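**Student:** What follows is run12.pdb, made up of PDB, C-alpha atoms and all ligand atoms:
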```pdb
ATOM      1  CA  MET C   1       4.586  -0.909 -29.939
ATOM      2  CA  ASN C   2       4.803  -1.622 -26.192
ATOM      3  CA  ARG C   3       1.573  -2.692 -24.558
ATOM      4  CA  LEU C   4       0.521  -1.428 -21.135
ATOM      5  CA  LEU C   5      -2.547  -1.973 -18.985
ATOM      6  CA  LEU C   6      -3.923   1.043 -17.108
ATOM      7  CA  LEU C   7      -6.212   0.165 -14.216
ATOM      8  CA  ALA C   8      -8.112   3.202 -12.958
ATOM      9  CA  THR C   9      -9.503   3.275  -9.410
ATOM     10  CA  GLY C  10     -10.335   6.973  -8.824
ATOM     11  CA  GLY C  11      -8.754   9.402  -6.363
ATOM     12  CA  THR C  12      -7.798  13.050  -6.721
ATOM     13  CA  ILE C  13      -6.015  12.343  -9.999
ATOM     14  CA  ALA C  14      -9.551  11.736 -11.323
ATOM     15  CA  GLY C  15     -11.093  14.458  -9.130
ATOM     16  CA  CYS C  16     -13.021  17.567 -10.152
ATOM     17  CA  ALA C  17     -13.655  20.892  -8.401
ATOM     18  CA  ALA C  18     -15.984  23.745  -9.322
ATOM     19  CA  ASP C  19     -13.124  25.908 -10.606
ATOM     20  CA  SER C  20      -9.393  25.842 -11.237
ATOM     21  CA  THR C  21      -8.334  27.582  -8.021
ATOM     22  CA  THR C  22     -10.172  25.179  -5.710
ATOM     23  CA  LEU C  23      -7.635  22.684  -4.366
ATOM     24  CA  ASN C  24      -9.378  21.127  -1.364
ATOM     25  CA  ASP C  25     -13.126  21.230  -1.851
ATOM     26  CA  TYR C  26     -13.530  18.762  -4.727
ATOM     27  CA  THR C  27     -14.911  15.311  -5.485
ATOM     28  CA  ALA C  28     -12.379  12.513  -5.954
ATOM     29  CA  GLY C  29     -13.019   9.741  -8.486
ATOM     30  CA  VAL C  30     -15.072  11.576 -11.108
ATOM     31  CA  LEU C  31     -13.160  11.247 -14.407
ATOM     32  CA  GLY C  32     -12.712   7.846 -15.996
ATOM     33  CA  GLY C  33      -9.346   6.343 -16.925
ATOM     34  CA  ASP C  34      -9.966   7.214 -20.605
ATOM     35  CA  ALA C  35     -10.205  10.906 -19.719
ATOM     36  CA  LEU C  36      -6.967  10.740 -17.711
ATOM     37  CA  LEU C  37      -5.246   9.197 -20.722
ATOM     38  CA  ALA C  38      -6.736  11.732 -23.131
ATOM     39  CA  ALA C  39      -5.315  14.569 -21.011
ATOM     40  CA  VAL C  40      -1.787  13.377 -21.855
ATOM     41  CA  PRO C  41      -1.684  12.928 -25.653
ATOM     42  CA  GLN C  42       2.092  12.344 -25.467
ATOM     43  CA  LEU C  43       1.313   8.881 -24.066
ATOM     44  CA  GLN C  44       0.162   7.752 -27.510
ATOM     45  CA  ASP C  45       3.769   7.923 -28.731
ATOM     46  CA  LEU C  46       5.023   5.769 -25.873
ATOM     47  CA  ALA C  47       2.740   2.755 -25.751
ATOM     48  CA  SER C  48      -0.542   1.213 -26.696
ATOM     49  CA  ILE C  49      -2.456   1.501 -23.431
ATOM     50  CA  ALA C  50      -5.591  -0.485 -22.648
ATOM     51  CA  VAL C  51      -7.714   1.195 -19.976
ATOM     52  CA  GLU C  52      -9.936  -0.620 -17.506
ATOM     53  CA  GLN C  53     -11.982   1.010 -14.755
ATOM     54  CA  VAL C  54     -11.734  -1.146 -11.631
ATOM     55  CA  ALA C  55     -13.412   1.486  -9.424
ATOM     56  CA  ASN C  56     -13.921   5.243  -9.351
ATOM     57  CA  VAL C  57     -13.790   6.123  -5.675
ATOM     58  CA  ASP C  58     -12.044   8.270  -3.126
ATOM     59  CA  SER C  59      -9.368   5.882  -1.874
ATOM     60  CA  ALA C  60     -10.738   6.215   1.673
ATOM     61  CA  ASP C  61     -13.721   4.279   0.299
ATOM     62  CA  LEU C  62     -11.722   1.477  -1.270
ATOM     63  CA  LEU C  63     -12.998  -1.967  -0.282
ATOM     64  CA  PHE C  64     -11.476  -5.434  -0.025
ATOM     65  CA  ALA C  65     -13.631  -6.289  -3.070
ATOM     66  CA  HIS C  66     -11.686  -3.661  -5.068
ATOM     67  CA  TRP C  67      -8.379  -5.151  -3.900
ATOM     68  CA  ARG C  68      -9.574  -8.594  -4.906
ATOM     69  CA  ALA C  69     -10.578  -7.340  -8.365
ATOM     70  CA  LEU C  70      -7.251  -5.518  -8.853
ATOM     71  CA  VAL C  71      -5.146  -8.505  -7.864
ATOM     72  CA  GLY C  72      -7.204 -10.866 -10.022
ATOM     73  CA  ARG C  73      -6.966  -8.565 -13.032
ATOM     74  CA  ILE C  74      -3.190  -8.085 -12.748
ATOM     75  CA  ARG C  75      -2.540 -11.795 -12.271
ATOM     76  CA  ASP C  76      -4.745 -12.647 -15.280
ATOM     77  CA  ALA C  77      -3.267  -9.933 -17.492
ATOM     78  CA  PHE C  78       0.327 -11.016 -16.853
ATOM     79  CA  ALA C  79      -0.548 -14.691 -17.319
ATOM     80  CA  ALA C  80      -2.477 -14.081 -20.539
ATOM     81  CA  ASP C  81      -0.052 -11.703 -22.281
ATOM     82  CA  PRO C  82       3.684 -12.364 -22.204
ATOM     83  CA  GLU C  83       4.169  -9.217 -24.303
ATOM     84  CA  LEU C  84       2.446  -6.935 -21.793
ATOM     85  CA  ALA C  85       5.173  -4.535 -20.620
ATOM     86  CA  GLY C  86       3.618  -3.624 -17.269
ATOM     87  CA  VAL C  87       0.644  -2.270 -15.351
ATOM     88  CA  VAL C  88      -0.080   1.294 -14.211
ATOM     89  CA  ILE C  89      -2.709   1.913 -11.532
ATOM     90  CA  THR C  90      -4.231   5.340 -10.920
ATOM     91  CA  HIS C  91      -5.214   5.617  -7.268
ATOM     92  CA  GLY C  92      -6.183   8.069  -4.536
ATOM     93  CA  THR C  93      -3.163   9.084  -2.500
ATOM     94  CA  ASN C  94      -4.699   8.507   0.941
ATOM     95  CA  THR C  95      -4.472   4.708   0.896
ATOM     96  CA  LEU C  96      -2.175   4.274  -2.098
ATOM     97  CA  GLU C  97       0.614   2.871   0.047
ATOM     98  CA  GLU C  98      -1.639   0.097   1.369
ATOM     99  CA  THR C  99      -2.616  -1.047  -2.115
ATOM    100  CA  ALA C 100       1.021  -0.885  -3.252
ATOM    101  CA  TRP C 101       2.146  -3.049  -0.334
ATOM    102  CA  LEU C 102      -0.733  -5.505  -0.830
ATOM    103  CA  LEU C 103       0.281  -5.986  -4.478
ATOM    104  CA  GLN C 104       3.945  -6.312  -3.529
ATOM    105  CA  LEU C 105       3.024  -9.276  -1.321
ATOM    106  CA  LEU C 106       0.779 -10.924  -3.937
ATOM    107  CA  ILE C 107       1.999 -10.252  -7.499
ATOM    108  CA  ASP C 108       4.785 -12.533  -8.620
ATOM    109  CA  ASP C 109       6.092 -11.122 -11.883
ATOM    110  CA  PRO C 110       9.230  -9.122 -12.704
ATOM    111  CA  ARG C 111       7.261  -6.748 -14.937
ATOM    112  CA  PRO C 112       6.599  -3.350 -13.363
ATOM    113  CA  VAL C 113       3.388  -2.565 -11.507
ATOM    114  CA  VAL C 114       3.361   1.195 -10.890
ATOM    115  CA  LEU C 115       0.880   3.137  -8.756
ATOM    116  CA  VAL C 116       0.335   6.823  -9.327
ATOM    117  CA  GLY C 117      -1.913   9.549  -7.938
ATOM    118  CA  ALA C 118      -2.108  13.294  -7.659
ATOM    119  CA  MET C 119      -2.395  15.822  -4.869
ATOM    120  CA  ARG C 120      -4.357  18.359  -6.931
ATOM    121  CA  PRO C 121      -7.624  17.573  -8.700
ATOM    122  CA  ALA C 122      -7.620  17.291 -12.488
ATOM    123  CA  THR C 123      -9.397  20.662 -12.739
ATOM    124  CA  ALA C 124      -6.704  22.578 -10.784
ATOM    125  CA  LEU C 125      -4.254  25.114 -12.129
ATOM    126  CA  SER C 126      -0.958  23.215 -12.371
ATOM    127  CA  ALA C 127      -2.634  19.879 -11.728
ATOM    128  CA  ASP C 128       0.090  17.317 -10.974
ATOM    129  CA  GLY C 129      -1.826  14.292 -12.295
ATOM    130  CA  PRO C 130      -0.930  14.500 -16.009
ATOM    131  CA  LEU C 131       2.856  14.668 -15.467
ATOM    132  CA  ASN C 132       2.679  12.025 -12.734
ATOM    133  CA  LEU C 133       0.800   9.736 -15.138
ATOM    134  CA  LEU C 134       3.295  10.328 -17.944
ATOM    135  CA  GLN C 135       6.164   9.522 -15.588
ATOM    136  CA  ALA C 136       4.430   6.430 -14.209
ATOM    137  CA  VAL C 137       4.081   5.133 -17.774
ATOM    138  CA  GLN C 138       7.759   5.940 -18.477
ATOM    139  CA  VAL C 139       8.721   3.901 -15.413
ATOM    140  CA  ALA C 140       6.377   1.011 -16.233
ATOM    141  CA  LEU C 141       7.875   0.776 -19.734
ATOM    142  CA  SER C 142      11.464   0.932 -18.566
ATOM    143  CA  ARG C 143      13.878  -1.970 -18.398
ATOM    144  CA  GLU C 144      15.308  -0.417 -15.222
ATOM    145  CA  ALA C 145      12.055  -0.965 -13.305
ATOM    146  CA  ARG C 146      11.903  -4.713 -13.941
ATOM    147  CA  GLY C 147      12.361  -6.833 -10.845
ATOM    148  CA  HIS C 148      12.000  -3.943  -8.398
ATOM    149  CA  GLY C 149       8.586  -5.070  -7.209
ATOM    150  CA  VAL C 150       5.627  -2.731  -6.980
ATOM    151  CA  LEU C 151       6.565   0.933  -7.403
ATOM    152  CA  VAL C 152       4.963   4.283  -6.605
ATOM    153  CA  VAL C 153       5.692   7.291  -8.842
ATOM    154  CA  MET C 154       4.837  10.747  -7.480
ATOM    155  CA  ASP C 155       6.442  14.121  -8.189
ATOM    156  CA  GLY C 156       9.317  12.587 -10.161
ATOM    157  CA  GLN C 157      10.306  10.202  -7.380
ATOM    158  CA  ILE C 158      10.174   6.409  -7.594
ATOM    159  CA  HIS C 159       9.432   4.661  -4.309
ATOM    160  CA  GLY C 160       9.364   0.992  -3.286
ATOM    161  CA  ALA C 161       6.075  -0.394  -1.937
ATOM    162  CA  ARG C 162       7.407  -1.364   1.488
ATOM    163  CA  ALA C 163       8.929   1.963   2.530
ATOM    164  CA  VAL C 164       6.709   4.502   0.789
ATOM    165  CA  THR C 165       4.197   6.480   2.816
ATOM    166  CA  LYS C 166       2.116   9.617   2.473
ATOM    167  CA  VAL C 167       3.708  12.221   4.747
ATOM    168  CA  ALA C 168       1.803  15.435   4.022
ATOM    169  CA  THR C 169      -1.799  16.518   3.562
ATOM    170  CA  GLN C 170      -0.928  19.216   1.035
ATOM    171  CA  GLY C 171       1.634  19.813  -1.690
ATOM    172  CA  VAL C 172       2.710  17.706  -4.667
ATOM    173  CA  GLY C 173       5.704  16.178  -2.877
ATOM    174  CA  ALA C 174       3.579  14.376  -0.309
ATOM    175  CA  PHE C 175       5.259  10.957  -0.467
ATOM    176  CA  ALA C 176       8.471   9.757   1.120
ATOM    177  CA  SER C 177      10.290   6.544   1.896
ATOM    178  CA  LEU C 178      11.174   7.286   5.497
ATOM    179  CA  GLY C 179      14.493   5.929   6.635
ATOM    180  CA  SER C 180      15.658   4.833   3.196
ATOM    181  CA  GLY C 181      14.760   7.556   0.687
ATOM    182  CA  PRO C 182      13.268   6.918  -2.759
ATOM    183  CA  LEU C 183      14.583   4.063  -4.906
ATOM    184  CA  GLY C 184      15.177   6.451  -7.799
ATOM    185  CA  TRP C 185      13.666   9.172  -9.905
ATOM    186  CA  VAL C 186      12.241   9.842 -13.355
ATOM    187  CA  ASP C 187      12.604  12.918 -15.552
ATOM    188  CA  ASP C 188      12.664  13.908 -19.214
ATOM    189  CA  VAL C 189      16.084  12.295 -19.586
ATOM    190  CA  GLY C 190      14.885   8.896 -18.419
ATOM    191  CA  VAL C 191      14.314   6.500 -15.553
ATOM    192  CA  HIS C 192      17.039   6.412 -12.940
ATOM    193  CA  LEU C 193      16.961   3.272 -10.826
ATOM    194  CA  PRO C 194      19.725   1.017  -9.549
ATOM    195  CA  THR C 195      19.952  -2.330 -11.327
ATOM    196  CA  THR C 196      18.466  -5.229  -9.427
ATOM    197  CA  SER C 197      19.004  -8.978  -9.481
ATOM    198  CA  GLY C 198      15.313  -9.326 -10.284
ATOM    199  CA  SER C 199      14.761 -12.115  -7.771
ATOM    200  CA  ARG C 200      12.297 -11.137  -5.084
ATOM    201  CA  GLN C 201      10.404 -13.077  -2.464
ATOM    202  CA  VAL C 202       6.630 -12.908  -3.068
ATOM    203  CA  PRO C 203       5.225 -14.546   0.048
ATOM    204  CA  PHE C 204       1.571 -14.786  -0.967
ATOM    205  CA  ALA C 205       2.073 -15.329  -4.707
ATOM    206  CA  GLY C 206      -0.530 -18.055  -5.112
ATOM    207  CA  LEU C 207      -2.927 -16.985  -2.384
ATOM    208  CA  PRO C 208      -6.549 -16.894  -3.591
ATOM    209  CA  LEU C 209      -8.449 -13.895  -2.204
ATOM    210  CA  PRO C 210     -11.922 -14.636  -0.822
ATOM    211  CA  GLU C 211     -15.048 -12.482  -0.845
ATOM    212  CA  ARG C 212     -15.078 -12.167   2.948
ATOM    213  CA  TRP C 213     -11.948 -10.895   4.653
ATOM    214  CA  PRO C 214     -10.995 -11.219   8.325
ATOM    215  CA  GLN C 215     -11.416  -8.409  10.868
ATOM    216  CA  VAL C 216      -8.017  -6.807  11.618
ATOM    217  CA  PRO C 217      -8.414  -3.470  13.445
ATOM    218  CA  ILE C 218      -5.718  -0.955  14.393
ATOM    219  CA  VAL C 219      -5.608   0.325  17.993
ATOM    220  CA  TYR C 220      -3.756   3.619  18.597
ATOM    221  CA  GLY C 221      -1.649   4.284  21.710
ATOM    222  CA  SER C 222      -1.880   7.528  23.729
ATOM    223  CA  VAL C 223      -1.760   8.858  27.284
ATOM    224  CA  GLU C 224      -4.332   6.929  29.339
ATOM    225  CA  PRO C 225      -5.693   5.009  26.343
ATOM    226  CA  GLU C 226      -9.339   4.008  26.334
ATOM    227  CA  LEU C 227      -9.210   0.287  27.081
ATOM    228  CA  LEU C 228     -12.655  -0.119  25.617
ATOM    229  CA  MET C 229     -11.117  -0.233  22.118
ATOM    230  CA  LEU C 230      -8.825  -3.128  22.949
ATOM    231  CA  THR C 231     -11.438  -4.959  25.002
ATOM    232  CA  ALA C 232     -14.050  -4.596  22.279
ATOM    233  CA  CYS C 233     -11.636  -6.028  19.701
ATOM    234  CA  LEU C 234     -10.761  -9.004  21.870
ATOM    235  CA  GLN C 235     -14.401  -9.669  22.716
ATOM    236  CA  ALA C 236     -15.358  -9.475  19.049
ATOM    237  CA  GLY C 237     -12.845 -12.255  18.397
ATOM    238  CA  VAL C 238     -10.912 -10.365  15.743
ATOM    239  CA  ALA C 239      -8.489 -12.517  13.763
ATOM    240  CA  GLY C 240      -5.654 -10.005  13.935
ATOM    241  CA  LEU C 241      -4.829  -6.752  15.687
ATOM    242  CA  VAL C 242      -2.243  -4.025  15.119
ATOM    243  CA  PHE C 243      -1.147  -1.853  18.032
ATOM    244  CA  THR C 244       0.181   1.544  17.058
ATOM    245  CA  GLY C 245       2.327   1.790  20.148
ATOM    246  CA  THR C 246       4.040   4.901  21.479
ATOM    247  CA  GLY C 247       7.793   5.316  20.889
ATOM    248  CA  ALA C 248       9.296   2.073  19.663
ATOM    249  CA  GLY C 249       5.904   0.361  19.716
ATOM    250  CA  GLN C 250       5.237   0.402  23.447
ATOM    251  CA  LEU C 251       1.928  -0.547  25.065
ATOM    252  CA  SER C 252       0.840   1.058  28.331
ATOM    253  CA  ALA C 253       0.816  -1.025  31.535
ATOM    254  CA  ALA C 254      -3.001  -0.949  31.440
ATOM    255  CA  GLU C 255      -3.076  -2.368  27.907
ATOM    256  CA  ARG C 256      -0.514  -5.021  28.787
ATOM    257  CA  SER C 257      -2.550  -6.034  31.861
ATOM    258  CA  ALA C 258      -5.735  -6.232  29.805
ATOM    259  CA  LEU C 259      -3.980  -8.455  27.286
ATOM    260  CA  GLN C 260      -2.446 -10.634  29.972
ATOM    261  CA  ALA C 261      -5.804 -11.101  31.708
ATOM    262  CA  TRP C 262      -7.675 -11.909  28.478
ATOM    263  CA  PRO C 263      -8.919 -15.488  28.923
ATOM    264  CA  GLY C 264     -10.047 -16.092  25.352
ATOM    265  CA  LYS C 265      -8.287 -17.022  22.144
ATOM    266  CA  ARG C 266      -5.564 -14.584  21.126
ATOM    267  CA  ALA C 267      -5.538 -12.878  17.759
ATOM    268  CA  LEU C 268      -2.318 -12.601  15.729
ATOM    269  CA  MET C 269      -1.055  -9.269  17.080
ATOM    270  CA  LEU C 270       1.601  -6.913  15.759
ATOM    271  CA  ARG C 271       3.210  -3.966  17.542
ATOM    272  CA  ALA C 272       3.903  -1.057  15.168
ATOM    273  CA  ASN C 273       4.749   2.506  16.199
ATOM    274  CA  ARG C 274       3.273   5.967  15.883
ATOM    275  CA  CYS C 275       6.609   7.775  15.327
ATOM    276  CA  GLY C 276       6.453   7.435  11.572
ATOM    277  CA  SER C 277       9.897   5.953  11.094
ATOM    278  CA  GLY C 278      12.330   3.576  12.729
ATOM    279  CA  PRO C 279      11.923  -0.089  13.633
ATOM    280  CA  VAL C 280      10.041  -1.831  16.432
ATOM    281  CA  HIS C 281      12.246  -4.520  17.934
ATOM    282  CA  HIS C 282      11.515  -7.613  20.011
ATOM    283  CA  HIS C 283      10.558  -7.016  23.664
ATOM    284  CA  TYR C 284      10.904  -9.604  26.434
ATOM    285  CA  GLU C 285       7.146  -9.530  27.158
ATOM    286  CA  ASP C 286       6.115 -10.181  23.533
ATOM    287  CA  GLU C 287       5.738 -13.967  23.810
ATOM    288  CA  ARG C 288       3.802 -13.789  27.078
ATOM    289  CA  LEU C 289       1.342 -11.240  25.669
ATOM    290  CA  GLY C 290       1.089 -12.850  22.236
ATOM    291  CA  LEU C 291       2.660  -9.880  20.450
ATOM    292  CA  LEU C 292       5.093  -9.626  17.564
ATOM    293  CA  PRO C 293       7.162  -6.544  16.638
ATOM    294  CA  ALA C 294       6.189  -5.121  13.237
ATOM    295  CA  GLY C 295       9.777  -4.136  12.335
ATOM    296  CA  ASN C 296       9.775  -1.106  10.068
ATOM    297  CA  LEU C 297       6.209  -1.571   8.817
ATOM    298  CA  ASN C 298       3.906   1.318   9.596
ATOM    299  CA  PRO C 299       0.554   0.405  11.233
ATOM    300  CA  GLN C 300      -1.467   0.434   8.007
ATOM    301  CA  LYS C 301       1.066  -1.785   6.247
ATOM    302  CA  ALA C 302       1.328  -4.085   9.260
ATOM    303  CA  ARG C 303      -2.445  -4.486   8.933
ATOM    304  CA  VAL C 304      -2.207  -5.420   5.238
ATOM    305  CA  LEU C 305       0.384  -8.050   6.078
ATOM    306  CA  LEU C 306      -1.755  -9.388   8.932
ATOM    307  CA  LEU C 307      -4.820  -9.604   6.698
ATOM    308  CA  LEU C 308      -2.905 -11.770   4.231
ATOM    309  CA  ALA C 309      -1.245 -13.821   6.964
ATOM    310  CA  VAL C 310      -4.641 -14.615   8.479
ATOM    311  CA  LEU C 311      -6.082 -15.481   5.058
ATOM    312  CA  ALA C 312      -3.132 -17.803   4.447
ATOM    313  CA  GLY C 313      -3.507 -19.427   7.881
ATOM    314  CA  TRP C 314      -0.030 -18.389   9.009
ATOM    315  CA  ASN C 315       1.241 -18.681  12.578
ATOM    316  CA  ARG C 316       3.445 -16.321  14.620
ATOM    317  CA  VAL C 317       6.687 -17.988  13.549
ATOM    318  CA  GLN C 318       5.941 -17.619   9.825
ATOM    319  CA  LEU C 319       4.845 -14.035  10.311
ATOM    320  CA  ALA C 320       7.966 -13.121  12.308
ATOM    321  CA  ALA C 321      10.192 -14.620   9.605
ATOM    322  CA  LEU C 322       8.482 -12.611   6.896
ATOM    323  CA  ILE C 323       8.773  -9.308   8.775
ATOM    324  CA  THR C 324      12.523  -9.829   9.030
ATOM    325  CA  ALA C 325      12.844 -10.957   5.417
ATOM    326  CA  SER C 326      11.804  -7.562   3.986
ATOM    327  CA  PRO C 327      10.021  -8.637   0.791
TER     328      PRO C 327
HETATM  329  N1  LIG T   1      -9.074  11.717  -0.997
HETATM  330  C1  LIG T   1      -8.220  11.419  -2.122
HETATM  331  C2  LIG T   1      -8.093   9.916  -2.262
HETATM  332  O1  LIG T   1      -7.331   9.305  -1.583
HETATM  333  C3  LIG T   1      -6.908  12.045  -1.954
HETATM  334  C4  LIG T   1      -6.004  11.915  -3.124
HETATM  335  O2  LIG T   1      -6.190  11.142  -4.034
HETATM  336  O3  LIG T   1      -4.991  12.660  -3.122
HETATM  337  O4  LIG T   1      -8.798   9.366  -3.080
END
```
Now, as a test, write the supplied structure out as structure tokens.
Ligand code: ASP
**Tutor:**
Amino acid sequence: MNRLLLLATGGTIAGCAADSTTLNDYTAGVLGGDALLAAVPQLQDLASIAVEQVANVDSADLLFAHWRALVGRIRDAFAADPELAGVVITHGTNTLEETAWLLQLLIDDPRPVVLVGAMRPATALSADGPLNLLQAVQVALSREARGHGVLVVMDGQIHGARAVTKVATQGVGAFASLGSGPLGWVDDVGVHLPTTSGSRQVPFAGLPLPERWPQVPIVYGSVEPELLMLTACLQAGVAGLVFTGTGAGQLSAAERSALQAWPGKRALMLRANRCGSGPVHHHYEDERLGLLPAGNLNPQKARVLLLLAVLAGWNRVQLAALITASP
């Protein structure tokens, strides 16, 4: 029988409310991975699934230490067991896209790594977690998913780690791949994904993850932005900084002047955008201000990339090349 590893981290999929009609006032990360598995007995016919609890938290409370543990466990599991078909990770939906993108940049194996969550707690009427979990397992076991990189399965859709983002606070269809659409879908007939060559660039494949991670804040653009945020970051000597610029990643004149006048060492800085979709392209002032366009990465994913780039000791040229390469 196929072997799968289920890594449970918490979230609404493991959340409990006082009664079945309560959809918002609940505690995330209550049930263990074993309980999630037990709620879907059909899984027993599909695979032999080993469950490990990496965390049991609301994904807003996920820490770098959890990321380090997840990456270490997946790398070890793939290295130790050539027969392991894939890995499924249950996760809160709020930061699921960040974990998916982190793993996409770090895990070098054609076998599927699939993240799944739920928008309704496990106690809800019509909870979406059990079907989402079943479908995530279907995808992780499928030949079609091999070589696609890290995938997210929600509401029957299969998304790639780079493009997927949470786009709604309510409703089971809260994920989208803006600009590109989902990679495929999964239903009772099977897994529908385009075939892939299976060769994928994994830029930080061998990168060891330390206990202490660099400081990489996100600064958000608005009308008359408070410069104290930017100034505080520069003064703190952060290693990286993401600007969520207006429009196509624009900084205000005041922010640009503050950057230009900064006499100290410059962090690695990316310009993302607050529109939600569409690319940020090169601007003629970027070099002078020490900025780099984040391409089509949203601010939270630009931050994940920056964290890894700083850990790997990358410079601006390496970072720019990777943003264009679309791993
Ligand atoms: N607050 C929850 C979390 O991210 C939301 C969810 O899982 O849908 O853990």
**Student:** So that I can check the surroundings of Ala254 of chain C, please list as a list in words every protein, DNA and RNA residue that reaches within 10 Å of it, counting all atoms listed in the file and ignoring chain neighbours fewer than 4 positions away.
**Tutor:** Glu224, Pro225, Glu226, Leu227, Ala258, Leu259 and Gln260 of chain C
**Student:** Please identify the residues whose atoms come within 8 Å of ligand LIG 1 (chain T), using all atoms listed in the file, and report them as a list of chain:residue names.
**Tutor:**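 Those within range of ligand LIG 1 (chain T) are C:Gly10, C:Gly11, C:Thr12, C:Ile13, C:Gly15, C:Ala28, C:Gly29, C:Val57, C:Asp58, C:Ser59, C:Ala60, C:Asp61, C:His91, C:Gly92, C:Thr93, C:Asn94, C:Thr95, C:Leu96, C:Gly117, C:Ala118, C:Met119, C:Arg120, C:Pro121.
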**Student:** Give me, as CSV, each residue of segment 40-144 of chain C that comes within 10 Å of segment 190-207 of chain C, together with its shortest interatomic pair and the distance in Å at one decimal, counting only C-alpha atoms, with rows ordered by chain and rising residue number.
**Tutor:**
```
residue,atom,partner,partner_atom,distance
C:Arg75,CA,C:Ala205,CA,9.5
C:Leu102,CA,C:Phe204,CA,9.6
C:Leu103,CA,C:Val202,CA,9.5
C:Gln104,CA,C:Val202,CA,7.1
C:Leu105,CA,C:Val202,CA,5.4
C:Leu106,CA,C:Ala205,CA,4.7
C:Ile107,CA,C:Ala205,CA,5.8
C:Asp108,CA,C:Ala205,CA,5.5
C:Asp109,CA,C:Val202,CA,9.0
C:Pro110,CA,C:Gly198,CA,6.5
C:Arg111,CA,C:Gly198,CA,9.7
C:Gln135,CA,C:Val191,CA,8.7
C:Ala136,CA,C:Val191,CA,10.0
C:Gln138,CA,C:Val191,CA,7.2
C:Val139,CA,C:Val191,CA,6.2
C:Ala140,CA,C:Val191,CA,9.7
C:Leu141,CA,C:Val191,CA,9.6
C:Ser142,CA,C:Val191,CA,6.9
C:Arg143,CA,C:Val191,CA,8.9
C:Glu144,CA,C:Leu193,CA,6.0
```
**Student:** Would you write out, as a ChimeraX atom specification, every residue that the PyMOL selection byres (((chain C and resi 164) around 7) and not hetatm) captures in this file?
**Tutor:** /C:97,159-163,165,175-177
**Student:** Applied to the shown file, which residues does the PyMOL selection byres (((chain C and resi 87) around 6) and not hetatm) return, written as a PyMOL selection string?
**Tutor:** chain C and resi 4-6+86+88+113
**Student:** Quick one: which residues end up in the PyMOL selection byres (((chain C and resi 245) around 9) and not hetatm) for this structure, as an mmCIF file with C-alpha atoms, keeping the file's coordinate frame?
**Tutor:**
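So the final result, stored in selection-v3.cif, reads:
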```
data_model
loop_
_atom_site.group_PDB
_atom_site.id
_atom_site.type_symbol
_atom_site.label_atom_id
_atom_site.label_comp_id
_atom_site.auth_asym_id
_atom_site.auth_seq_id
_atom_site.Cartn_x
_atom_site.Cartn_y
_atom_site.Cartn_z
ATOM 1 C CA VAL C 219 -5.608 0.325 17.993
ATOM 2 C CA TYR C 220 -3.756 3.619 18.597
ATOM 3 C CA GLY C 221 -1.649 4.284 21.710
ATOM 4 C CA SER C 222 -1.880 7.528 23.729
ATOM 5 C CA VAL C 242 -2.243 -4.025 15.119
ATOM 6 C CA PHE C 243 -1.147 -1.853 18.032
ATOM 7 C CA THR C 244 0.181 1.544 17.058
ATOM 8 C CA THR C 246 4.040 4.901 21.479
ATOM 9 C CA GLY C 247 7.793 5.316 20.889
ATOM 10 C CA ALA C 248 9.296 2.073 19.663
ATOM 11 C CA GLY C 249 5.904 0.361 19.716
ATOM 12 C CA GLN C 250 5.237 0.402 23.447
ATOM 13 C CA LEU C 251 1.928 -0.547 25.065
ATOM 14 C CA SER C 252 0.840 1.058 28.331
ATOM 15 C CA ARG C 271 3.210 -3.966 17.542
ATOM 16 C CA ALA C 272 3.903 -1.057 15.168
ATOM 17 C CA ASN C 273 4.749 2.506 16.199
ATOM 18 C CA ARG C 274 3.273 5.967 15.883
ATOM 19 C CA CYS C 275 6.609 7.775 15.327
#
```
**Student:** Rank nothing, just name the residue among C:Glu285, C:Thr231, C:Pro279, C:Ala309 nearest to Ala261 of chain C, using only C-alpha atoms.
**Tutor:**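 Going through C:Glu285, C:Thr231, C:Pro279, C:Ala309 one by one, the smallest distance to Ala261 of chain C is for C:Thr231.
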**Student:** Mind pulling up the distance from atom CA of Arg3 of chain C to atom CA of Ala50 of chain C?
**Tutor:**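 The value is 7.7 Å.
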**Student:** Measuring atom to atom with only C-alpha atoms, identify which of C:Ile74, C:Leu63, C:Leu308, C:Val137 is nearest to Asn2 of chain C.
**Tutor:**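 Selected residue with least distance to Asn2 of chain C: C:Val137.
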**Student:** In Å to one decimal, how far is atom CA of Ala127 of chain C from atom CA of Thr22 of chain C?
**Tutor:**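 Computing it gives 11.0 Å between the two atoms.
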**Student:** Rounded to one decimal place, report the atom CA of Val51 of chain C-atom CA of Ala69 of chain C distance in Å.
**Tutor:** 14.7 Å
